[in-house]
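> Starting off with a structure, shown below.
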Amino acid sequence: MAHHNTVFSQILKLIPRHQFSTLAKKHDGSRRSDAMSRWTQFVAMATAQLTGRSSLRDIESTLASQKHLKYHLGSGDIRRTTLSRANQTLSSGFFEELFGTLYARCQTTSQTHKFRFKNKLFSLDASLLDVSMKVFPQAEYNKMKGAYKLHIGLDHDGLIPAFAAVTLGKVGDQTQAKLMDFPEGSVLVFDKGYADYTWHNQLTSKGIFWVTRIRGNATYRVLKRKVVDKSQGVTSDQVIEYTSNRSKKNNLRPVRRIGFYDVQTNKHYVFITNHFDWTTKTIAAIYKQRWQVELFFKWVKQNLKIKAFIGTTDNAVMTQVMVVLCVYLILAYLKFQARIGQSLQQMSRLIHLNLFARRDLIGLFKPPPDREIISPQLALL
């Protein structure tokens, strides 16, 4: 029988340690030899995500029960007070860069999106992470609650997060989106929460395509109308020009306006885009794919520990959220590289149950071999 280290040890080996150490030196410099290392901090925080632990005490007791495995994990002793101090004082920027490193690696193994065009496709959205105002007074969102906000740019090549940021809940979606640097030729899809026509114009100037829905109060005039096939659900296909004084002042370019009736939902949608050559069906299909980022938020909140925070400072919250996204990318990379057929949810459940078991990591996701079971009762007949 082949010897295997624990499933957790094999997962940690998927992290590029040389790049990890380089980032640690960049962000932390030289530290005391008895201080908690970045690797030990990551192992502790990843343990919380993969085992469903929700407090510092839980993390400490879980790893304390597996002390004989410390050598294989490569981590030092983990105490809740030391971990709490590390999450508060060590910059979350380290995990933001680690996230970027893991995303770049995932790109080399992920599948492409299902559209015919070769352009990169990204969905933009943000989701509130509710917190108690008594515990997080700095995160006041309104008189009723406090909140942080997770901003995501989801890459549809593999459905993995490409851009991520954590802000206070009051920070606008557009504010963070403007800081994301998308490659030229990309296609962005987002909802009306990003309805800043000046920003749309800037994206067009950078050679970036976008698809979204028009505001209900938008003022415009129609420059050109195309004949449409209403039997396909298309109600209009126009080239429009915004007519507000602000639009004229900012010299906004004409955009394409498409009306589409969805029989399944019995709703009428009006899309706008700066791409004038795609079919109306393609435009509608691109916007429909925006739902994938909603599913991403749902998956993360259901399967990883992002609702309860184990630190009360902004840095501790950002550290925990970025570790969540790093763990997600590690699981995605494992799925892509090993061509695992199970969903990420099924993978996370199997890992949760077998994290400290000594067995083959890839074999964990393979179906058991078919064996003919012969009942000893038959021998008595």
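Residue numbers start at 1 in each chain; chains themselves are named A, B, ... in the order of the structure tokens; ligands are numbered from 1 in the order shown.
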Neighbours of region 38-45 of chain A within 7 Å (only C-alpha atoms; same-chain residues fewer than 4 positions away dropped), as a PyMOL selection string?
chain A and resi 24+49+59+75-76+83+323
> Export C-alpha atoms of the chosen residues as a compact mmCIF listing (two decimals), in the first residue's frame?

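Written file, out-v3.txt:
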```txt
# COMPACT_ATOMS: atom_id res chain seq x y z
CA ALA A 24 6.64 37.49 2.53
CA GLN A 49 -11.72 27.51 5.73
CA ILE A 59 -8.47 26.82 14.94
CA SER A 75 4.11 25.40 10.19
CA GLY A 76 5.06 26.45 13.68
CA LEU A 83 -2.76 34.42 15.34
CA VAL A 323 -7.43 33.92 2.36
```
> Would you please give, as JSON, numbers by chain, all residues of region 76-303 of chain A that DSSP assigns to alpha helix (DSSP H) based on the backbone?
{"A": [80, 81, 82, 83, 84, 85, 86, 87, 88, 89, 93, 94, 95, 96, 97, 98, 99, 100, 101, 102, 103, 104, 105, 106, 107, 173, 174, 175, 176, 177, 197, 198, 199, 200, 201, 202, 203, 204, 205, 245, 246, 247, 248, 249, 280, 281, 282, 283, 284, 285, 286, 287, 288, 291, 292, 293, 294, 295, 296, 297, 298, 299, 300, 301, 302, 303]}
> DSSP says strand (DSSP E or B) for which residues of region 83-234 of chain A? Put them as a PyMOL selection string?
chain A and resi 121-131+140+146-155+160-168+187-189+209-213+220-225+234
> How close does each residue of region 39-106 of chain A get to region 343-349 of chain A, giving the shortest atom pair and distance in Å to one decimal for every residue with an atom at most 12 Å away, counting only C-alpha atoms, sorted by chain and residue number, as a tab-separated table?

```
residue	atom	partner	partner_atom	distance
A:Gln49	CA	A:Ser348	CA	9.6
A:Leu50	CA	A:Ser348	CA	7.2
A:Thr51	CA	A:Arg349	CA	9.2
A:Gly52	CA	A:Arg349	CA	10.1
```
> Show me, as a list of chain:residue names, the residues that have an atom within 12 Å of Asn217 (chain A) when counting only C-alpha atoms, minus same-chain residues fewer than 4 positions from it.
A:Lys192, A:Ala195, A:Arg213, A:Tyr242, A:Thr243, A:Ser244
> Please list as a PyMOL selection string every residue within 9 Å of His3 (chain A), counting only C-alpha atoms and excluding residues in the same chain fewer than 6 positions away.
chain A and resi 358-360
> For the interface of region 176-236 of chain A with region 101-118 of chain A (cut-off 12 Å, counting only C-alpha atoms), please tabulate each contacting residue of region 176-236 of chain A alongside its nearest pair of atoms and their separation in Å to one decimal, rows sorted by chain and increasing number, as JSON lines.

```
{"residue": "A:Gly185", "atom": "CA", "partner": "A:Lys118", "partner_atom": "CA", "distance": 9.3}
{"residue": "A:Ser186", "atom": "CA", "partner": "A:Lys118", "partner_atom": "CA", "distance": 9.3}
{"residue": "A:Val187", "atom": "CA", "partner": "A:Phe117", "partner_atom": "CA", "distance": 9.9}
```
> Residues at most 10 Å from region 12-18 of chain A, counting only C-alpha atoms, excluding those fewer than 2 positions away in the same chain, as a list of chain:residue names?
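Listed by chain and then number, they are A:Val7, A:Phe8, A:Ser9, A:Gln10, A:Phe20, A:Ser21, A:Thr22, A:Leu23, A:Ala24, A:Trp39, A:Phe42, A:Val43, A:Ala46, A:His72, A:Leu73, A:Gly74, A:Leu98, A:Thr101, A:Leu102, A:Arg105, A:Cys326, A:Val327, A:Ile330, A:Leu331, A:Tyr333, A:Leu334.
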> Quick one: which region 8-99 of chain A residues come within 12 Å of region 158-170 of chain A, and what is the nearest atom pair for each with the distance in Å to one decimal, counting only C-alpha atoms, rows ordered by chain and ascending number, as CSV?

```
residue,atom,partner,partner_atom,distance
A:Ser92,CA,A:Val166,CA,10.2
A:Gly93,CA,A:Ala165,CA,10.3
A:Phe95,CA,A:Ala164,CA,11.0
A:Glu96,CA,A:Ala164,CA,8.0
A:Glu97,CA,A:Ala164,CA,10.5
A:Leu98,CA,A:Ala164,CA,11.7
A:Phe99,CA,A:Ala164,CA,8.5
```
